[in-house]
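work-v2.cif (mmCIF, C-alpha atoms and all ligand atoms)
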data_target
#
loop_
_atom_site.label_atom_id
_atom_site.label_comp_id
_atom_site.auth_asym_id
_atom_site.auth_seq_id
_atom_site.Cartn_x
_atom_site.Cartn_y
_atom_site.Cartn_z
CA MET F 7 125.62 103.27 28.39
CA LYS F 8 125.74 106.51 26.40
CA ILE F 9 126.42 107.02 22.71
CA SER F 10 129.62 109.03 22.60
CA ARG F 11 130.48 109.07 18.89
CA VAL F 12 128.63 108.80 15.59
CA THR F 13 130.64 108.22 12.42
CA ALA F 14 129.57 107.90 8.80
CA TYR F 15 131.51 105.78 6.31
CA ASP F 16 131.11 105.95 2.54
CA LEU F 17 131.90 102.41 1.40
CA ARG F 18 131.80 101.34 -2.23
CA PHE F 19 132.33 97.75 -3.26
CA PRO F 20 132.91 97.00 -6.94
CA LEU F 21 131.01 93.94 -8.20
CA PRO F 22 132.03 91.31 -10.76
CA ALA F 23 130.92 91.98 -14.36
CA ALA F 24 127.12 92.18 -14.78
CA ALA F 25 126.46 91.31 -11.13
CA GLY F 26 123.62 93.35 -9.71
CA SER F 27 122.38 94.41 -13.15
CA ASP F 28 118.69 94.70 -13.93
CA ALA F 29 116.52 96.35 -16.54
CA VAL F 30 117.05 99.83 -15.11
CA HIS F 31 120.23 99.71 -13.03
CA LEU F 32 122.84 98.66 -15.55
CA ASN F 33 126.13 99.25 -13.74
CA PRO F 34 125.62 99.19 -9.98
CA VAL F 35 128.42 99.61 -7.49
CA TYR F 36 126.99 98.23 -4.26
CA SER F 37 127.64 100.96 -1.72
CA LEU F 38 126.85 101.29 1.95
CA ALA F 39 126.41 104.57 3.75
CA ALA F 40 127.29 103.12 7.13
CA CYS F 41 126.64 104.74 10.50
CA VAL F 42 128.67 103.46 13.43
CA LEU F 43 127.54 104.46 16.92
CA GLU F 44 130.22 104.11 19.57
CA ALA F 45 129.12 103.78 23.19
CA ASP F 46 131.17 105.04 26.11
CA ASP F 47 132.09 101.45 27.01
CA GLY F 48 133.48 100.89 23.51
CA THR F 49 130.54 98.86 22.16
CA LEU F 50 129.83 99.59 18.48
CA GLY F 51 126.39 99.65 16.87
CA THR F 52 126.34 99.59 13.07
CA GLY F 53 123.58 100.62 10.72
CA PHE F 54 123.65 101.28 7.02
CA THR F 55 121.66 101.96 3.92
CA LEU F 56 122.35 100.79 0.38
CA THR F 57 122.96 102.92 -2.69
CA LEU F 58 124.31 101.99 -6.10
CA GLY F 59 127.39 104.21 -6.00
CA THR F 60 127.21 107.84 -7.07
CA GLY F 61 125.61 109.95 -4.36
CA ASN F 62 126.52 107.66 -1.48
CA ASP F 63 128.52 110.60 -0.11
CA LEU F 64 125.33 112.67 0.05
CA VAL F 65 123.76 110.10 2.34
CA CYS F 66 126.86 110.12 4.56
CA GLU F 67 126.62 113.90 4.74
CA ALA F 68 122.96 113.58 5.75
CA ILE F 69 123.95 111.12 8.50
CA ARG F 70 126.25 113.79 9.89
CA TYR F 71 123.46 116.37 9.79
CA GLN F 72 121.19 114.05 11.78
CA ARG F 73 123.61 112.46 14.21
CA ASP F 74 122.59 114.66 17.14
CA ALA F 75 119.41 112.61 17.21
CA VAL F 76 121.25 109.83 19.04
CA LEU F 77 124.52 111.41 20.21
CA GLY F 78 124.69 111.41 24.01
CA GLY F 79 121.61 109.19 24.29
CA ASP F 80 121.16 105.91 26.13
CA PRO F 81 120.13 103.08 23.75
CA ASP F 82 117.53 101.69 26.19
CA GLU F 83 115.92 105.07 26.73
CA LEU F 84 115.91 105.86 23.01
CA LEU F 85 114.36 102.49 22.15
CA ALA F 86 111.73 102.61 24.88
CA GLU F 87 110.04 105.61 23.25
CA LEU F 88 111.31 105.12 19.74
CA GLY F 89 108.00 105.91 18.02
CA THR F 90 107.83 109.37 19.58
CA ARG F 91 111.51 110.08 19.07
CA TRP F 92 111.50 108.80 15.49
CA HIS F 93 108.60 111.15 14.74
CA SER F 94 110.67 114.14 15.85
CA TRP F 95 113.79 112.95 13.98
CA ALA F 96 111.87 112.34 10.75
CA ASN F 97 110.21 115.76 11.00
CA GLU F 98 113.17 117.98 11.82
CA GLY F 99 111.97 121.36 10.65
CA GLN F 100 114.61 122.19 8.05
CA LEU F 101 115.74 118.80 6.79
CA ARG F 102 112.13 117.69 6.35
CA TRP F 103 111.88 119.93 3.31
CA LEU F 104 114.32 117.64 1.51
CA GLY F 105 111.86 114.72 1.88
CA PRO F 106 109.60 114.44 3.64
CA HIS F 107 110.25 110.84 4.63
CA LYS F 108 112.01 109.91 1.41
CA GLY F 109 115.27 110.41 -0.42
CA VAL F 110 118.71 111.08 0.97
CA VAL F 111 117.59 112.31 4.41
CA HIS F 112 115.38 109.27 4.98
CA LEU F 113 118.09 106.84 3.86
CA ALA F 114 120.40 108.49 6.36
CA LEU F 115 117.82 108.12 9.10
CA ALA F 116 117.59 104.41 8.26
CA ALA F 117 121.34 104.08 8.82
CA ILE F 118 121.21 105.95 12.14
CA VAL F 119 118.25 103.97 13.45
CA GLY F 120 119.94 100.78 12.26
CA GLY F 121 123.00 101.63 14.34
CA LEU F 122 120.83 102.32 17.36
CA THR F 123 118.94 99.05 16.92
CA ASP F 124 122.17 97.06 16.71
CA LEU F 125 123.59 98.79 19.79
CA TRP F 126 120.41 98.22 21.79
CA ALA F 127 120.43 94.48 21.05
CA LYS F 128 124.13 94.24 21.87
CA LYS F 129 123.54 95.96 25.19
CA LYS F 130 120.80 93.44 25.95
CA GLN F 131 123.17 90.68 24.85
CA VAL F 132 120.56 89.17 22.50
CA PRO F 133 120.25 88.83 18.74
CA LEU F 134 117.82 91.44 17.43
CA TRP F 135 115.18 88.81 16.57
CA GLN F 136 115.12 87.70 20.20
CA GLY F 137 114.83 91.24 21.51
CA LEU F 138 111.80 91.77 19.27
CA LEU F 139 110.16 88.43 20.07
CA GLU F 140 110.47 89.10 23.80
CA MET F 141 108.71 92.47 23.66
CA SER F 142 105.13 92.82 24.85
CA PRO F 143 102.59 94.07 22.29
CA GLU F 144 102.61 97.43 24.09
CA GLN F 145 106.40 97.67 23.84
CA VAL F 146 106.25 96.89 20.10
CA THR F 147 103.65 99.56 19.44
CA ALA F 148 105.75 102.10 21.39
CA LEU F 149 108.39 101.68 18.68
CA ILE F 150 106.02 102.93 15.98
CA ASP F 151 104.94 106.43 14.93
CA PHE F 152 101.23 106.02 14.24
CA SER F 153 100.63 109.69 13.42
CA THR F 154 100.42 109.14 9.65
CA ILE F 155 98.76 105.71 9.60
CA ASP F 156 96.21 105.64 12.41
CA ASP F 157 93.35 106.13 9.97
CA TYR F 158 94.16 102.58 8.79
CA LEU F 159 95.84 101.00 11.82
CA SER F 160 95.48 102.24 15.39
CA PRO F 161 97.82 101.28 18.23
CA GLU F 162 94.94 99.29 19.75
CA GLU F 163 94.47 97.28 16.54
CA ALA F 164 98.21 96.69 16.37
CA ILE F 165 98.16 95.30 19.92
CA GLU F 166 95.23 93.05 19.00
CA LEU F 167 97.08 91.74 15.92
CA LEU F 168 100.14 90.98 18.06
CA GLU F 169 97.99 89.21 20.65
CA THR F 170 96.03 87.10 18.19
CA ARG F 171 98.43 86.30 15.32
CA SER F 172 101.40 84.96 17.27
CA LEU F 173 102.52 81.42 16.45
CA GLY F 174 102.96 80.57 20.13
CA ALA F 175 106.06 79.43 21.97
CA GLU F 176 106.36 75.89 20.62
CA ALA F 177 105.90 76.76 16.93
CA THR F 178 108.22 79.76 17.33
CA LYS F 179 110.96 77.58 18.77
CA ALA F 180 110.52 75.06 15.95
CA GLN F 181 110.74 77.87 13.39
CA LEU F 182 113.92 79.26 14.92
CA ASP F 183 115.43 75.79 15.05
CA ARG F 184 114.81 75.05 11.40
CA GLY F 185 115.85 78.51 10.17
CA TYR F 186 114.07 80.43 7.44
CA PRO F 187 113.84 79.58 3.71
CA ALA F 188 115.85 81.76 1.33
CA TYR F 189 115.98 82.55 -2.35
CA ASP F 190 119.05 83.83 -4.10
CA THR F 191 118.53 86.73 -6.46
CA SER F 192 122.14 86.68 -7.64
CA VAL F 193 121.56 83.79 -10.06
CA GLY F 194 119.48 85.81 -12.46
CA TRP F 195 120.94 89.26 -13.12
CA LEU F 196 119.85 90.64 -16.46
CA GLY F 197 123.41 91.09 -17.69
CA TYR F 198 124.05 87.32 -17.46
CA ASP F 199 123.60 85.51 -20.75
CA LYS F 200 121.23 82.57 -20.97
CA THR F 201 123.97 79.95 -20.58
CA LEU F 202 125.27 81.50 -17.35
CA LEU F 203 121.73 82.03 -16.11
CA VAL F 204 120.89 78.33 -16.51
CA GLU F 205 124.20 77.27 -14.95
CA ASN F 206 123.57 79.49 -11.95
CA VAL F 207 120.05 78.21 -11.51
CA LEU F 208 121.26 74.62 -11.51
CA VAL F 209 123.96 75.39 -8.96
CA SER F 210 121.41 77.04 -6.69
CA LYS F 211 119.17 73.99 -6.98
CA GLU F 212 122.07 71.73 -6.00
CA ARG F 213 122.73 73.96 -3.01
CA GLY F 214 119.18 73.37 -1.81
CA TYR F 215 117.41 76.56 -2.83
CA GLY F 216 113.76 75.92 -3.70
CA ALA F 217 113.21 79.32 -5.29
CA VAL F 218 114.99 81.70 -7.64
CA LYS F 219 114.35 85.19 -8.96
CA ILE F 220 115.00 86.12 -12.56
CA LYS F 221 115.34 89.66 -13.83
CA VAL F 222 113.16 90.59 -16.80
CA GLY F 223 112.77 93.72 -18.88
CA SER F 224 115.19 92.89 -21.69
CA ARG F 225 115.13 95.20 -24.68
CA ASN F 226 113.28 92.46 -26.51
CA LEU F 227 110.39 90.69 -24.77
CA ALA F 228 111.20 87.53 -26.75
CA SER F 229 114.49 87.37 -24.87
CA ASP F 230 112.67 87.41 -21.50
CA VAL F 231 110.38 84.63 -22.76
CA GLU F 232 113.36 82.57 -23.88
CA ARG F 233 115.26 83.03 -20.61
CA LEU F 234 112.29 82.21 -18.44
CA ALA F 235 111.44 79.15 -20.55
CA ALA F 236 115.00 77.86 -20.10
CA VAL F 237 114.85 78.36 -16.33
CA ARG F 238 111.48 76.66 -16.02
CA GLU F 239 112.68 73.79 -18.16
CA VAL F 240 115.66 72.99 -15.92
CA LEU F 241 113.84 73.56 -12.63
CA GLY F 242 110.58 71.81 -13.48
CA SER F 243 107.16 72.90 -12.32
CA ASP F 244 107.68 72.60 -8.56
CA ALA F 245 110.32 75.30 -7.98
CA LEU F 246 109.21 78.84 -7.23
CA VAL F 247 110.38 81.22 -9.96
CA MET F 248 109.86 84.91 -9.37
CA ILE F 249 110.30 87.60 -12.02
CA ASP F 250 111.43 91.18 -11.39
CA ALA F 251 111.14 94.05 -13.88
CA ASN F 252 112.66 96.75 -11.63
CA GLN F 253 110.15 99.38 -12.82
CA ILE F 254 111.16 99.30 -16.48
CA TRP F 255 107.71 99.24 -18.01
CA GLY F 256 104.73 101.53 -18.28
CA VAL F 257 101.33 100.03 -17.55
CA ALA F 258 100.66 98.75 -21.07
CA GLY F 259 104.16 97.29 -21.39
CA ALA F 260 103.90 95.55 -18.04
CA ILE F 261 100.57 93.99 -18.94
CA ARG F 262 101.93 92.83 -22.30
CA ALA F 263 105.00 91.30 -20.64
CA GLY F 264 103.00 89.71 -17.84
CA LYS F 265 100.72 88.00 -20.36
CA ALA F 266 103.69 86.76 -22.37
CA LEU F 267 105.41 85.35 -19.28
CA ALA F 268 102.33 83.93 -17.53
CA GLU F 269 102.71 80.47 -19.12
CA PHE F 270 105.88 79.95 -17.03
CA GLU F 271 103.88 80.47 -13.86
CA PRO F 272 105.97 83.07 -12.05
CA PHE F 273 105.26 82.96 -8.34
CA TRP F 274 105.18 86.74 -8.37
CA PHE F 275 105.79 89.60 -10.79
CA GLU F 276 107.89 92.23 -9.02
CA GLU F 277 107.94 95.98 -9.64
CA PRO F 278 106.15 95.90 -13.00
CA VAL F 279 105.90 99.73 -13.16
CA HIS F 280 107.15 102.87 -11.43
CA PRO F 281 107.08 102.40 -7.64
CA ASP F 282 104.96 105.51 -7.02
CA ASP F 283 102.28 104.48 -9.50
CA LEU F 284 99.52 103.14 -7.26
CA VAL F 285 96.88 103.30 -9.98
CA GLY F 286 99.31 101.67 -12.41
CA TYR F 287 99.83 98.79 -9.97
CA LEU F 288 96.08 98.37 -9.66
CA CYS F 289 95.64 98.29 -13.46
CA VAL F 290 98.44 95.75 -13.91
CA ARG F 291 97.14 93.58 -11.09
CA ASP F 292 93.59 93.58 -12.47
CA ALA F 293 94.76 92.78 -16.00
CA LEU F 294 97.06 89.93 -14.96
CA ALA F 295 95.00 88.30 -12.19
CA PRO F 296 95.55 85.79 -10.66
CA MET F 297 99.27 86.54 -11.10
CA ARG F 298 100.67 87.88 -7.81
CA ILE F 299 102.09 91.40 -7.97
CA ALA F 300 104.97 92.27 -5.63
CA GLY F 301 106.53 95.61 -4.82
CA GLY F 302 107.92 97.85 -2.14
CA GLU F 303 111.69 97.94 -2.40
CA HIS F 304 111.45 101.53 -3.64
CA ILE F 305 108.46 102.52 -1.53
CA PRO F 306 110.05 105.07 0.77
CA ASN F 307 107.77 105.26 3.78
CA GLN F 308 104.84 103.88 5.73
CA VAL F 309 102.40 106.39 4.25
CA VAL F 310 102.85 105.15 0.68
CA PHE F 311 102.72 101.54 1.90
CA LYS F 312 99.46 102.36 3.65
CA ASN F 313 97.99 103.57 0.38
CA PHE F 314 99.13 100.49 -1.56
CA LEU F 315 97.89 98.07 1.12
CA GLN F 316 94.63 99.90 1.72
CA ARG F 317 93.79 99.79 -1.98
CA GLY F 318 94.83 96.15 -2.46
CA ALA F 319 97.61 96.93 -4.94
CA LEU F 320 100.10 94.35 -3.64
CA ASP F 321 99.97 90.57 -3.24
CA VAL F 322 103.44 90.54 -1.68
CA ALA F 323 104.85 93.51 0.26
CA GLN F 324 108.61 93.97 0.03
CA PRO F 325 109.57 96.69 2.51
CA ASP F 326 113.28 97.28 2.97
CA VAL F 327 114.28 98.44 6.45
CA VAL F 328 117.33 100.22 5.01
CA ARG F 329 115.14 102.27 2.62
CA LEU F 330 112.32 102.92 5.08
CA GLY F 331 113.39 104.97 8.06
CA GLY F 332 114.51 101.92 10.02
CA LEU F 333 112.76 99.59 12.46
CA PRO F 334 109.74 101.80 13.33
CA GLU F 335 108.52 101.93 9.72
CA TYR F 336 109.33 98.28 9.05
CA LEU F 337 107.14 97.27 12.01
CA ALA F 338 104.39 99.66 10.91
CA VAL F 339 104.38 98.18 7.39
CA ALA F 340 104.42 94.63 8.74
CA LEU F 341 101.43 95.30 10.97
CA MET F 342 99.48 97.07 8.20
CA ALA F 343 100.25 94.17 5.85
CA ALA F 344 99.04 91.71 8.50
CA LYS F 345 95.78 93.61 8.68
CA ALA F 346 95.51 93.58 4.87
CA GLY F 347 96.32 89.85 4.70
CA VAL F 348 99.42 90.47 2.56
CA PRO F 349 102.67 88.55 3.23
CA VAL F 350 105.80 90.57 3.97
CA LEU F 351 108.96 89.36 2.25
CA PRO F 352 111.53 92.14 2.51
CA HIS F 353 113.82 93.33 -0.24
CA ALA F 354 117.42 92.58 0.69
CA GLY F 355 119.03 96.00 0.44
CA ASP F 356 120.76 94.83 3.62
CA MET F 357 122.09 91.70 1.86
CA GLY F 358 119.88 89.70 4.23
CA GLN F 359 121.90 90.60 7.31
CA LEU F 360 119.21 92.58 9.13
CA HIS F 361 116.10 91.07 7.56
CA GLN F 362 117.09 87.60 8.73
CA HIS F 363 116.21 88.97 12.19
CA LEU F 364 113.12 90.92 11.19
CA ILE F 365 111.54 88.02 9.28
CA TYR F 366 111.05 86.21 12.58
CA PHE F 367 108.94 89.10 13.78
CA THR F 368 106.60 88.86 10.78
CA ARG F 369 106.59 85.06 10.82
CA CYS F 370 106.34 84.37 14.56
CA ARG F 371 104.56 87.44 15.96
CA LEU F 372 102.21 88.04 13.04
CA GLY F 373 101.77 84.50 11.72
CA MET F 374 102.82 85.33 8.16
CA PRO F 375 103.31 82.35 5.78
CA GLU F 376 106.76 80.80 5.58
CA LEU F 377 107.61 82.04 2.09
CA PRO F 378 111.26 82.50 1.07
CA LEU F 379 113.25 85.59 2.01
CA GLU F 380 115.59 87.23 -0.48
CA MET F 381 119.35 86.80 -0.09
CA ILE F 382 122.08 88.53 -2.08
CA PRO F 383 125.56 87.22 -1.27
CA HIS F 384 127.73 89.84 -2.98
CA LEU F 385 128.87 91.71 0.14
CA ARG F 386 129.02 88.84 2.62
CA GLU F 387 132.83 88.92 2.95
CA HIS F 388 132.62 92.45 4.36
CA PHE F 389 130.43 91.60 7.35
CA LEU F 390 131.86 90.42 10.67
CA GLU F 391 129.07 87.86 10.93
CA PRO F 392 127.78 87.16 7.43
CA CYS F 393 124.41 85.46 7.24
CA THR F 394 124.69 81.74 6.62
CA ILE F 395 122.56 79.69 4.26
CA GLU F 396 122.43 75.92 4.67
CA HIS F 397 120.30 73.75 2.39
CA GLY F 398 118.50 76.82 1.12
CA ARG F 399 117.65 78.21 4.57
CA TYR F 400 118.96 81.07 6.67
CA VAL F 401 120.60 79.72 9.82
CA THR F 402 119.16 81.66 12.75
CA PRO F 403 121.84 84.09 14.02
CA LYS F 404 122.87 83.64 17.65
CA SER F 405 125.23 86.56 18.36
CA PRO F 406 124.02 89.74 20.08
CA GLY F 407 123.01 92.57 17.76
CA SER F 408 121.61 92.80 14.24
CA SER F 409 124.47 91.13 12.30
CA SER F 410 125.25 94.51 10.74
CA GLY F 411 128.84 94.97 11.90
CA LEU F 412 131.40 95.53 9.14
CA ARG F 413 134.94 94.24 9.05
CA PRO F 414 137.43 97.03 9.90
CA GLU F 415 139.63 95.84 6.99
CA SER F 416 136.73 96.35 4.60
CA ILE F 417 136.00 99.80 5.99
CA ASN F 418 139.62 100.82 5.55
CA ARG F 419 139.99 99.32 2.11
CA PHE F 420 136.71 100.41 0.54
CA ALA F 421 136.20 103.85 2.10
CA TRP F 422 135.52 105.85 -1.03
CA ARG F 423 136.00 109.34 0.29
CA ALA F 424 136.87 110.90 3.58
CA THR F 425 133.87 111.81 5.67
CA THR F 426 135.79 113.94 8.15
CA PRO F 427 136.51 117.66 7.91
CA SER F 428 140.22 116.83 7.92
CA GLY F 429 139.87 115.07 4.60
CA HIS F 430 141.04 111.70 5.91
CA PRO F 431 138.90 108.61 6.28
CA GLU F 432 137.91 107.94 9.84
CA ARG F 433 138.97 104.51 10.96
CA LEU F 434 137.65 102.06 13.49
MG MG Y 501 113.50 93.79 -6.94
#

Please express the file's structure as structure tokens.
Amino acid sequence: MKISRVTAYDLRFPLPAAAGSDAVHLNPVYSLAACVLEADDGTLGTGFTLTLGTGNDLVCEAIRYQRDAVLGGDPDELLAELGTRWHSWANEGQLRWLGPHKGVVHLALAAIVGGLTDLWAKKKQVPLWQGLLEMSPEQVTALIDFSTIDDYLSPEEAIELLETRSLGAEATKAQLDRGYPAYDTSVGWLGYDKTLLVENVLVSKERGYGAVKIKVGSRNLASDVERLAAVREVLGSDALVMIDANQIWGVAGAIRAGKALAEFEPFWFEEPVHPDDLVGYLCVRDALAPMRIAGGEHIPNQVVFKNFLQRGALDVAQPDVVRLGGLPEYLAVALMAAKAGVPVLPHAGDMGQLHQHLIYFTRCRLGMPELPLEMIPHLREHFLEPCTIEHGRYVTPKSPGSSSGLRPESINRFAWRATTPSGHPERL
């Protein structure tokens, strides 16, 4: 099998009023810069990254600049030495200047690697989770570029973690059979008023969710206190309630808010300050202990994750495979987090489609605790095989691939701008 065509699609999906809103991102348009790899036998592999609208075309352009990385390649051969290949792709001499390993070029790389990963699993005729669980420790480490992290985690240590942390065959099968717990972020967008917020939370409880996430960072801290009090009142003390500030505060503001909201016992406090602010995270974490501090959805690469994990700045790591440069960095972050003793609960920039596969790697190969994985349902109608939640749990996907394929009707209808030189949208 050879990859004969690589196509980028700029897809923008309008959301209902206030959906997706948080303290910083007030009017998101969920947009996918999708990369479809077509093999010479007609098999399609789909990868994508998420943006909030404006600029999604820049990512698509960057996919086109980087598509020679996989064009003409065999998915098995590319995957077998992915760590080495990924290193060369992520360090292309001219494009690297635009990053390195962050921003538009890195998002584009995530989409390309996502397409490759999907195609590889389809060729093997297994769901991605199965392909990963069946790999030897040596095969897993061959997927990773250790060149920037081996001062913290060597390939030998990674192999040892994979050999010693695995749940074992019986517990892995039981985990796959029962699916994986989910929480639904879409109940608690900041633009929802308190009445709608409480209604949503009650509906999610009836549907079997045991955890919810509530956006904070209102203009007035009293409003956050009031909203969180109302949620805690209807859910009682047993439910997990997470709070997410989406980087709105400086260090002092985050500490003030964390102290005001502590009485409602948030399970974690997410993105209290700017995502690059390692020292800020440390200050907030010290001041609010024992409150758990979560972050990572805007951490762009494994190097920054290494710094956060090495310094103990995170209690929950939230890498996003569609923001990192794809599978190699996700695996690197998961292994570093395992070494640091920090659970990995990815951010769902993929709407849960891809992470529902990857969570079984962290749970079953690295023995991470079974804490809930984020799910955002807003784009589910556009996927060929949308993830399914039953009684608050992801149902383990069975089809080959990474569940990333998009419906051709959605591609045609929501293509925002042509990505071909002819000026017409390319179609599946
Ligand atoms: Mg968040």

Could you please extract the residues within 9 Å of ligand MG 501 (chain Y), counting all atoms listed in the file, and hand them back as a PyMOL selection string?
chain F and resi 28+191+219+221+249-253+276-277+300-304+324+353-354

Dump as a compact mmCIF listing (two decimals), in the frame of the given file, selection limited to C-alpha atoms:
# COMPACT_ATOMS: atom_id res chain seq x y z
CA ASP F 28 118.69 94.70 -13.93
CA THR F 191 118.53 86.73 -6.46
CA LYS F 219 114.35 85.19 -8.96
CA LYS F 221 115.34 89.66 -13.83
CA ILE F 249 110.30 87.60 -12.02
CA ASP F 250 111.43 91.18 -11.39
CA ALA F 251 111.14 94.05 -13.88
CA ASN F 252 112.66 96.75 -11.63
CA GLN F 253 110.15 99.38 -12.82
CA GLU F 276 107.89 92.23 -9.02
CA GLU F 277 107.94 95.98 -9.64
CA ALA F 300 104.97 92.27 -5.63
CA GLY F 301 106.53 95.61 -4.82
CA GLY F 302 107.92 97.85 -2.14
CA GLU F 303 111.69 97.94 -2.40
CA HIS F 304 111.45 101.53 -3.64
CA GLN F 324 108.61 93.97 0.03
CA HIS F 353 113.82 93.33 -0.24
CA ALA F 354 117.42 92.58 0.69

To one decimal in Å, tell me the separation between CA of Met357 (chain F) and CA of Leu182 (chain F).
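Distance reported for this atom pair: 19.8 Å.
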
What's the 7 Å shell around Ala164 (chain F), counting only C-alpha atoms, without same-chain residues fewer than 4 positions away, as a compact mmCIF listing (two decimals) with C-alpha atoms, in the frame of the given file?
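Saved file around-v3.txt follows:
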# COMPACT_ATOMS: atom_id res chain seq x y z
CA THR F 147 103.65 99.56 19.44
CA LEU F 159 95.84 101.00 11.82
CA SER F 160 95.48 102.24 15.39
CA LEU F 168 100.14 90.98 18.06
CA LEU F 341 101.43 95.30 10.97

Shortest interatomic distance to Val350 (chain F) - which of F:Ala127, F:Leu320, F:Leu333, F:Val42, counting only C-alpha atoms:
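Counting only C-alpha atoms, the residue closest to Val350 (chain F) is F:Leu320.
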
What gap, in Å, lies between CA of Glu269 (chain F) and CA of Ala319 (chain F)?
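Interatomic distance here is 22.3 Å.
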
Please produce, as a Markdown table, a per-residue contact table for region 132-215 of chain F versus region 97-113 of chain F (criterion: any atom at most 12 Å away, all atoms listed in the file considered), showing the nearest atom pair and its distance in Å to one decimal, sorted by chain then residue number.
| residue | atom | partner | partner_atom | distance |
| --- | --- | --- | --- | --- |
| F:Asp151 | CA | F:Asn97 | CA | 11.4 |
| F:Ser153 | CA | F:Asn97 | CA | 11.6 |
| F:Thr154 | CA | F:His107 | CA | 11.2 |

Using C-alpha atoms, can you export the residues from the last selection as an mmCIF file, in the frame of the given file?
data_model
loop_
_atom_site.group_PDB
_atom_site.id
_atom_site.type_symbol
_atom_site.label_atom_id
_atom_site.label_comp_id
_atom_site.auth_asym_id
_atom_site.auth_seq_id
_atom_site.Cartn_x
_atom_site.Cartn_y
_atom_site.Cartn_z
ATOM 1 C CA ASP F 151 104.940 106.430 14.930
ATOM 2 C CA SER F 153 100.630 109.690 13.420
ATOM 3 C CA THR F 154 100.420 109.140 9.650
#

So, counting all atoms listed in the file, which residue among F:Ile150, F:Leu64, F:Leu21, F:Ile365 is closest to Glu335 (chain F)?
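Ranking F:Ile150, F:Leu64, F:Leu21, F:Ile365 by distance to Glu335 (chain F), first place goes to F:Ile150.
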
Please write as a ChimeraX atom specification the list of polymer residues whose atoms come within 9 Å of (115.0, 97.6, 8.8), counting all atoms listed in the file and keeping to the coordinates of the file.
/F:116,119-120,325-337,356,360-361,364

Go ahead and compute the interatomic distance for CA of Leu134 (chain F) and CA of Ser37 (chain F), in Å to one decimal.
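Computing the Euclidean distance for CA of Leu134 (chain F) and CA of Ser37 (chain F) yields 23.5 Å.
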
Could I get region 384-394 of chain F from the block written out with N, CA, C and O atoms, as a PDB file, in the first residue's frame?
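Saved the output as part_21.pdb:
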ATOM      1  N   HIS F 384     -20.339  18.138  20.192  1.00  0.00           N
ATOM      2  CA  HIS F 384     -20.875  19.081  19.213  1.00  0.00           C
ATOM      3  C   HIS F 384     -20.669  18.701  17.751  1.00  0.00           C
ATOM      4  O   HIS F 384     -21.406  19.163  16.896  1.00  0.00           O
ATOM      5  N   LEU F 385     -19.632  17.920  17.448  1.00  0.00           N
ATOM      6  CA  LEU F 385     -19.376  17.597  16.037  1.00  0.00           C
ATOM      7  C   LEU F 385     -19.693  16.147  15.697  1.00  0.00           C
ATOM      8  O   LEU F 385     -19.316  15.667  14.622  1.00  0.00           O
ATOM      9  N   ARG F 386     -20.385  15.449  16.589  1.00  0.00           N
ATOM     10  CA  ARG F 386     -20.487  13.993  16.386  1.00  0.00           C
ATOM     11  C   ARG F 386     -21.205  13.620  15.085  1.00  0.00           C
ATOM     12  O   ARG F 386     -20.879  12.644  14.446  1.00  0.00           O
ATOM     13  N   GLU F 387     -22.149  14.451  14.658  1.00  0.00           N
ATOM     14  CA  GLU F 387     -22.910  14.119  13.440  1.00  0.00           C
ATOM     15  C   GLU F 387     -22.036  14.140  12.177  1.00  0.00           C
ATOM     16  O   GLU F 387     -22.453  13.639  11.133  1.00  0.00           O
ATOM     17  N   HIS F 388     -20.853  14.731  12.275  1.00  0.00           N
ATOM     18  CA  HIS F 388     -19.999  14.845  11.092  1.00  0.00           C
ATOM     19  C   HIS F 388     -19.012  13.676  10.934  1.00  0.00           C
ATOM     20  O   HIS F 388     -18.303  13.599   9.936  1.00  0.00           O
ATOM     21  N   PHE F 389     -18.950  12.818  11.937  1.00  0.00           N
ATOM     22  CA  PHE F 389     -18.042  11.675  11.844  1.00  0.00           C
ATOM     23  C   PHE F 389     -18.773  10.446  11.318  1.00  0.00           C
ATOM     24  O   PHE F 389     -19.950  10.230  11.625  1.00  0.00           O
ATOM     25  N   LEU F 390     -18.051   9.641  10.530  1.00  0.00           N
ATOM     26  CA  LEU F 390     -18.638   8.405  10.001  1.00  0.00           C
ATOM     27  C   LEU F 390     -18.956   7.434  11.132  1.00  0.00           C
ATOM     28  O   LEU F 390     -19.936   6.699  11.078  1.00  0.00           O
ATOM     29  N   GLU F 391     -18.093   7.423  12.143  1.00  0.00           N
ATOM     30  CA  GLU F 391     -18.309   6.526  13.289  1.00  0.00           C
ATOM     31  C   GLU F 391     -18.167   7.318  14.578  1.00  0.00           C
ATOM     32  O   GLU F 391     -17.124   7.248  15.244  1.00  0.00           O
ATOM     33  N   PRO F 392     -19.196   8.114  14.908  1.00  0.00           N
ATOM     34  CA  PRO F 392     -19.081   8.941  16.109  1.00  0.00           C
ATOM     35  C   PRO F 392     -18.930   8.100  17.363  1.00  0.00           C
ATOM     36  O   PRO F 392     -19.504   7.009  17.458  1.00  0.00           O
ATOM     37  N   CYS F 393     -18.121   8.608  18.307  1.00  0.00           N
ATOM     38  CA  CYS F 393     -17.959   7.851  19.547  1.00  0.00           C
ATOM     39  C   CYS F 393     -19.315   7.753  20.252  1.00  0.00           C
ATOM     40  O   CYS F 393     -20.168   8.640  20.143  1.00  0.00           O
ATOM     41  N   THR F 394     -19.483   6.657  20.962  1.00  0.00           N
ATOM     42  CA  THR F 394     -20.765   6.377  21.603  1.00  0.00           C
ATOM     43  C   THR F 394     -20.585   6.337  23.112  1.00  0.00           C
ATOM     44  O   THR F 394     -19.660   5.693  23.610  1.00  0.00           O
TER      45      THR F 394
END
